[in-house]
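Scroll down for the structure; my scribbles are underneath it.
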Protein chains: 2
Amino acid sequence: MKQPLLEHQEQHLYEQIASELAERIRQSVVRPGERLPSVRRLSEQKSVSISTVLQAYIRLEDMGLVESRPQSGYYVRNRQRILPEPAMHRAPLRPSSVSVVTAVRALLDATQDPSIIPLGAASPNPLLLPTTRLYRTLANVARSARPESNTYDSTAGTAELRRLIAFRSSDWGGSLTGDDIIITAGCTESLSLCLRSVTRPGDTVAVESPSYFGMLQIIEGLGLKALHIPTDPREGMCASHFEQACQSYAVRACLVMPNFHNPLGSLMPDEKKRELVAIASRYSVPLIEDDIYGDLHFDRQRPRNLQSFDTEGNVLLCSSFSKTLSPDFRIGWTAPGRYYEQVLRMKMTSTLASPMLLQHTVARFLRDGGYDHHVRSMRKTLSLQIERAVQTIARHFPQGTGVTRPAGGFVLWIELPAGVDALLLQQQALEEKISIAPGPVFSAGTDFTNCIRINCGCAWSEHIEQALIRIGELAAAQL
Amino acid sequence: MKQPLLEHQEQHLYEQIASELAERIRQSVVRPGERLPSVRRLSEQKSVSISTVLQAYIRLEDMGLVESRPQSGYYVRNRQRILPEPAMHRAPLRPSSVSVVTAVRALLDATQDPSIIPLGAASPNPLLLPTTRLYRTLANVARSARPESNTYDSTAGTAELRRLIAFRSSDWGGSLTGDDIIITAGCTESLSLCLRSVTRPGDTVAVESPSYFGMLQIIEGLGLKALHIPTDPREGMCASHFEQACQSYAVRACLVMPNFHNPLGSLMPDEKKRELVAIASRYSVPLIEDDIYGDLHFDRQRPRNLQSFDTEGNVLLCSSFSKTLSPDFRIGWTAPGRYYEQVLRMKMTSTLASPMLLQHTVARFLRDGGYDHHVRSMRKTLSLQIERAVQTIARHFPQGTGVTRPAGGFVLWIELPAGVDALLLQQQALEEKISIAPGPVFSAGTDFTNCIRINCGCAWSEHIEQALIRIGELAAAQL
């Protein structure tokens, strides 16, 4: 997507130039081995300074797309090949009971062992998070808190944090107030409370295919059935399949991740969001929207969410600060639309309240601008790491591998050649102290046996690159 | 209960002497208006120092039981009358659907308004908690935490906190290891996860009568039915009624609070605990035990819990640090016996993990002895406040009032004369900015219409005393 060069834009000029060139390299408009325009020439073409062009070229070098040759200029690197994107998986359209808990255990256990290279769980490296500042803020909050604050918070959560989240909702086209919001113990509690509020055991819930295994576990834990809807690796859940499902089954809720889907990284276009909201309304199916990666967009603009297209309170929006500030704080939130009362009661009988000291800490971070500044730099780092991982995969994974092109977030979905057994690959990798997420845990059925998800939230290093190469070798050895 | 005067006992000598004398005053062995032995004489009788006796007399004065008359000595104060204890309520033995959520809302809302005198919710005054030290510890933990710790904890919780809780289990006759324990978001999450792990919607759950409204709300939220078992204000749930219930109904679980029951303050004797555990085992009914007040015993010895009598893993023990350290931290725990795996999975899909920084803070408090020291002094304060509240009620509440004699914790259950409408009393009191808990919220049926629960966890003051007197006046005015 080309972006106009307007001075007042948030994104830096050099980044825009780099993105444009990157896109042209990806489209093979400029081919491997070809020389890019000289710095002087591009600076004249674009009417920008020499140093802006130099920054853009350095960025492309960081992304692994070009290399500089002394006395000669910048050249497009040899990308052995451009990997295809995986096609949309057409799951059989029928509800199934869910049982992925056991397969997930090894994945989560691996996160507790620091000697294991964490390409499995979708967890940002603490060094990419503003951990030191966050902890310092917490220390200040704790030291200055009035003793009287050591009591139960209201179930909805601290008013100031709810106000600040509501204030940000204009970023995604929303218009929430603090009274629309309930603070929760991470996005997991948001999803769980919302799902419990709109379903009864035995009900059928529509989910993407593939789908975040945490969602599948919640569905399993509540005794619900999952109905997988085919989901496009670029554009997300297929609206027409969703409508077909609503016609054929008593779908009681739909769990959906339109922005930077886990594991696909897909971003649903606004038109499709509008359509999905309309279908859900037509069939009276509550949409539970997980927007936990929404702030981690690689493009200039933060994407809208489904709720911003909803006028009936039919969308229960869920999110948290676990991917951008702290997984440990367990501070998430939900704006559950017309189900507010049910969700609030459900929280009252599940965890009662959330810790005020942690809420105040997050609020302070949001208020003083620390959050925005941090997320901006985190986005750059993540897009770079995704790009590097894609390149490494292109160079070292076996013929027939496909990989997604996420528009945000920090996971990659890799389709390995048919014949590779992802569960076996997970075991083999674990023996070499590398954790990956095998495809089958992202399905209630027996799909995605040759797919894996890779966490690109680690700080990129030689060590990480070697681990990724090793995954490719292990996969190739299975063929 | 008399206690032998042994030097090596934990309780101070003067406290033992004061308790003995208090008991004799209660039994009317020493009558109002009578003079206590002179300080010198008692010091000779007991072979203790003059200053020990003086301390004992000052303690009795603090308890409102005696008064000093200058130049004359210590005299037993006029207690207008000794109030009877309420009798065991014989609830009809049949399961009923639960709906108390709305009635509870006013009670909880009142806790958010600092202008309201908090005799309603069972919340300890923050000034009775080691708030400043706790916050300082948290600040230190946050400042010294390694950045790498900013990630998801394991679902079971931080190993060190689990170990320290297990270490304490010998206090209540238990022998837990850290691997038996799961950290939760307060006792509310413990109870909710345990109940969800052993029941399905529509099932019947045995509970005490009266019963903590939070339990009834959890039961309601899960679509379960409550079966009230008559419960003695001194000795807790009636074992024979429980057995009868198991014979007559498909009881799927039993929620019980044997130590310092909320709202009755009852303490189940060891023999009855053993019996209850045996019956539950015989009928294969899991016992979910809430021991949240167990550390707040007024007697010398911490009481055992049901789990310490269980050899089959049939007791799911639940507790938290909300009543003794911090309601805000939301750090509770459960040792769910043979249901460990189910409860752990349930937590994984409900809140995933607990905040490590808060767990480390509680662990540090347990490890360095701050907890024991604090709880010791908190127990003294609470027993004193309970005693003062009982006296105030005896002086100012209408004829026909009964009140419990709690053996620990910080709530009093008051049976007002028939004809007093507790829900109306709640409204009337709220208009005068006083919150109380009306009896009906402690029942799934329509019982306890003339009962109220009073929180004695506030720091005692003229202000609190006047509020309590006002409740008595409002009740009298209804007659």
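Here, A, B, ... name the chains of the structure tokens in the order displayed, residue numbers run from 1 inside each chain, and ligands are numbered from 1 in the same displayed order.
The residues of chain A lying at most 6 Å from chain B, with only C-alpha atoms taken into account, are Pro126, Thr131, Tyr135, Arg136, Ala139, Ala142, Arg143, Pro147, Glu148, Asn150, Thr151, Tyr152, Ala185, Thr188, Glu189, Ser192, Ile218, Ser326, Pro327, Asp328, Phe329, Thr349, Ser350, Thr351 and Pro355 of chain A.
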Could you take the residues named above and write them with C-alpha atoms, as a short mmCIF file (atom, residue, chain, number, x, y, z; two decimals), in the first residue's frame?
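Final file, part01.cif:
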```cif
data_model
loop_
_atom_site.label_atom_id
_atom_site.label_comp_id
_atom_site.auth_asym_id
_atom_site.auth_seq_id
_atom_site.Cartn_x
_atom_site.Cartn_y
_atom_site.Cartn_z
CA PRO A 126 10.56 -8.56 28.35
CA THR A 131 9.80 -3.22 32.00
CA TYR A 135 8.50 -1.39 37.58
CA ARG A 136 9.81 2.01 38.64
CA ALA A 139 7.40 1.31 43.00
CA ALA A 142 3.21 1.70 45.94
CA ARG A 143 5.29 4.18 47.92
CA PRO A 147 -3.03 3.27 53.30
CA GLU A 148 -6.81 3.55 52.97
CA ASN A 150 -5.79 -1.26 50.79
CA THR A 151 -9.34 -2.47 50.29
CA TYR A 152 -11.48 -4.12 47.60
CA ALA A 185 -7.37 -10.33 34.83
CA THR A 188 -8.15 -14.45 29.12
CA GLU A 189 -10.59 -13.37 31.81
CA SER A 192 -13.97 -16.21 29.51
CA ILE A 218 -11.84 -21.67 27.12
CA SER A 326 3.20 -6.53 30.94
CA PRO A 327 1.99 -10.11 30.70
CA ASP A 328 2.59 -10.38 34.46
CA PHE A 329 0.33 -7.51 35.57
CA THR A 349 -18.42 -14.09 41.27
CA SER A 350 -15.18 -15.04 39.49
CA THR A 351 -12.45 -12.73 40.79
CA PRO A 355 -5.57 -4.97 42.09
#
```
Mind running range 17-126 of chain B against range 406-429 of chain B at 12 Å and telling me each contacting residue's nearest atom pair with the distance in Å (one decimal), counting only C-alpha atoms, chain and number ascending, as JSON lines?
```
{"residue": "B:Leu83", "atom": "CA", "partner": "B:Ile414", "partner_atom": "CA", "distance": 10.1}
{"residue": "B:Pro84", "atom": "CA", "partner": "B:Glu415", "partner_atom": "CA", "distance": 9.5}
{"residue": "B:Glu85", "atom": "CA", "partner": "B:Glu415", "partner_atom": "CA", "distance": 8.4}
{"residue": "B:Pro86", "atom": "CA", "partner": "B:Glu415", "partner_atom": "CA", "distance": 6.2}
{"residue": "B:Ala87", "atom": "CA", "partner": "B:Glu415", "partner_atom": "CA", "distance": 9.2}
{"residue": "B:Met88", "atom": "CA", "partner": "B:Glu415", "partner_atom": "CA", "distance": 11.2}
{"residue": "B:His89", "atom": "CA", "partner": "B:Glu415", "partner_atom": "CA", "distance": 10.9}
{"residue": "B:Ala103", "atom": "CA", "partner": "B:Leu423", "partner_atom": "CA", "distance": 8.6}
{"residue": "B:Val104", "atom": "CA", "partner": "B:Leu423", "partner_atom": "CA", "distance": 10.8}
{"residue": "B:Ala106", "atom": "CA", "partner": "B:Gln427", "partner_atom": "CA", "distance": 9.1}
{"residue": "B:Leu107", "atom": "CA", "partner": "B:Gln426", "partner_atom": "CA", "distance": 8.8}
{"residue": "B:Ala110", "atom": "CA", "partner": "B:Gln426", "partner_atom": "CA", "distance": 11.1}
{"residue": "B:Ile116", "atom": "CA", "partner": "B:Ala429", "partner_atom": "CA", "distance": 9.9}
{"residue": "B:Ile117", "atom": "CA", "partner": "B:Ala429", "partner_atom": "CA", "distance": 9.7}
{"residue": "B:Pro118", "atom": "CA", "partner": "B:Ala429", "partner_atom": "CA", "distance": 11.0}
{"residue": "B:Leu119", "atom": "CA", "partner": "B:Val411", "partner_atom": "CA", "distance": 9.1}
{"residue": "B:Gly120", "atom": "CA", "partner": "B:Gln426", "partner_atom": "CA", "distance": 9.1}
{"residue": "B:Ala121", "atom": "CA", "partner": "B:Val411", "partner_atom": "CA", "distance": 9.4}
{"residue": "B:Ala122", "atom": "CA", "partner": "B:Val411", "partner_atom": "CA", "distance": 6.8}
{"residue": "B:Ser123", "atom": "CA", "partner": "B:Phe410", "partner_atom": "CA", "distance": 8.7}
{"residue": "B:Pro124", "atom": "CA", "partner": "B:Phe410", "partner_atom": "CA", "distance": 7.9}
{"residue": "B:Asn125", "atom": "CA", "partner": "B:Phe410", "partner_atom": "CA", "distance": 10.7}
```
Next, the residues of the selection above should be written as a CSV table (one decimal), in the first residue's frame with C-alpha atoms.
```
chain,number,residue,atom,x,y,z
B,83,LEU,CA,-27.8,-11.3,75.3
B,84,PRO,CA,-28.7,-14.8,74.3
B,85,GLU,CA,-27.1,-16.5,71.3
B,86,PRO,CA,-29.3,-17.0,68.3
B,87,ALA,CA,-30.6,-20.6,67.9
B,88,MET,CA,-29.8,-22.8,65.0
B,89,HIS,CA,-32.0,-22.0,62.1
B,103,ALA,CA,-29.8,-7.2,47.2
B,104,VAL,CA,-26.1,-7.5,47.5
B,106,ALA,CA,-26.3,-1.9,47.6
B,107,LEU,CA,-24.0,-3.5,50.2
B,110,ALA,CA,-21.5,1.3,49.9
B,116,ILE,CA,-20.5,5.7,54.6
B,117,ILE,CA,-19.7,3.9,57.9
B,118,PRO,CA,-18.7,0.4,56.8
B,119,LEU,CA,-20.5,-2.0,59.1
B,120,GLY,CA,-21.8,-3.8,56.0
B,121,ALA,CA,-19.1,-5.6,54.0
B,122,ALA,CA,-16.7,-7.9,55.9
B,123,SER,CA,-13.7,-5.9,55.1
B,124,PRO,CA,-10.9,-5.2,57.6
B,125,ASN,CA,-10.1,-1.5,58.1
```
Please run DSSP on the backbone and report, as a ChimeraX atom specification, all residues within range 71-281 of chain B that come out as strand (DSSP E or B). /B:73-76,96,117-119,182-184,204-209,225-232,236-237,251-256,259,267
Residues at most 6 Å from range 261-272 of chain A, counting only C-alpha atoms, excluding those fewer than 5 positions away in the same chain, as an MDAnalysis selection string? chainID A and resid 212 233:236 406 413
How would the residues just picked look written out with N, CA, C and O atoms as a tab-separated table (two decimals), in the first residue's frame?
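Result went into again_35.tsv, see below:
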```
chain	number	residue	atom	x	y	z
A	212	TYR	N	-6.72	-19.18	17.91
A	212	TYR	CA	-5.84	-19.12	19.07
A	212	TYR	C	-6.22	-20.24	20.06
A	212	TYR	O	-7.37	-20.36	20.46
A	233	PRO	N	-5.71	-15.94	5.35
A	233	PRO	CA	-4.49	-15.49	6.02
A	233	PRO	C	-4.23	-13.98	5.85
A	233	PRO	O	-3.42	-13.42	6.56
A	234	ARG	N	-4.87	-13.33	4.87
A	234	ARG	CA	-4.72	-11.88	4.75
A	234	ARG	C	-5.90	-11.11	5.32
A	234	ARG	O	-5.72	-10.07	5.93
A	235	GLU	N	-7.12	-11.62	5.08
A	235	GLU	CA	-8.30	-10.80	5.37
A	235	GLU	C	-9.18	-11.35	6.50
A	235	GLU	O	-10.22	-10.79	6.80
A	236	GLY	N	-8.76	-12.42	7.12
A	236	GLY	CA	-9.49	-12.89	8.29
A	236	GLY	C	-10.70	-13.74	7.99
A	236	GLY	O	-10.89	-14.24	6.87
A	406	PRO	N	2.10	-11.05	7.99
A	406	PRO	CA	1.28	-10.35	8.99
A	406	PRO	C	1.36	-8.83	8.84
A	406	PRO	O	2.42	-8.30	8.48
A	413	TRP	N	2.84	-17.64	10.76
A	413	TRP	CA	2.21	-18.94	10.55
A	413	TRP	C	2.89	-19.58	9.35
A	413	TRP	O	2.92	-18.98	8.27
```
Between CA of Asp232 in chain B and CA of Leu287 in chain B - distance in Å to one decimal: 18.3 Å
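Relative to CA of Arg453 in chain A, CA of Glu387 in chain A is found at 15.1 Å.
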Excluding same-chain residues fewer than 4 positions from range 55-67 of chain B, what lies within 7 Å of it counting only C-alpha atoms, as a VMD selection string? chain B and resid 14 to 15 17 to 18 51 74 to 77 384 387 to 388
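Comparing the minimum interatomic distances between Cys451 in chain A and each of A:Ser28, A:Ser284, A:Thr401, A:Thr361, counting only C-alpha atoms, we find that A:Thr401 sits nearest.
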Which neighbours of Pro398 in chain A fall inside 9 Å, counting only C-alpha atoms, when residues of the same chain fewer than 6 positions from it are skipped, and could you give them as JSON, numbers by chain? {"A": [416, 417, 472, 473, 475, 476, 479]}
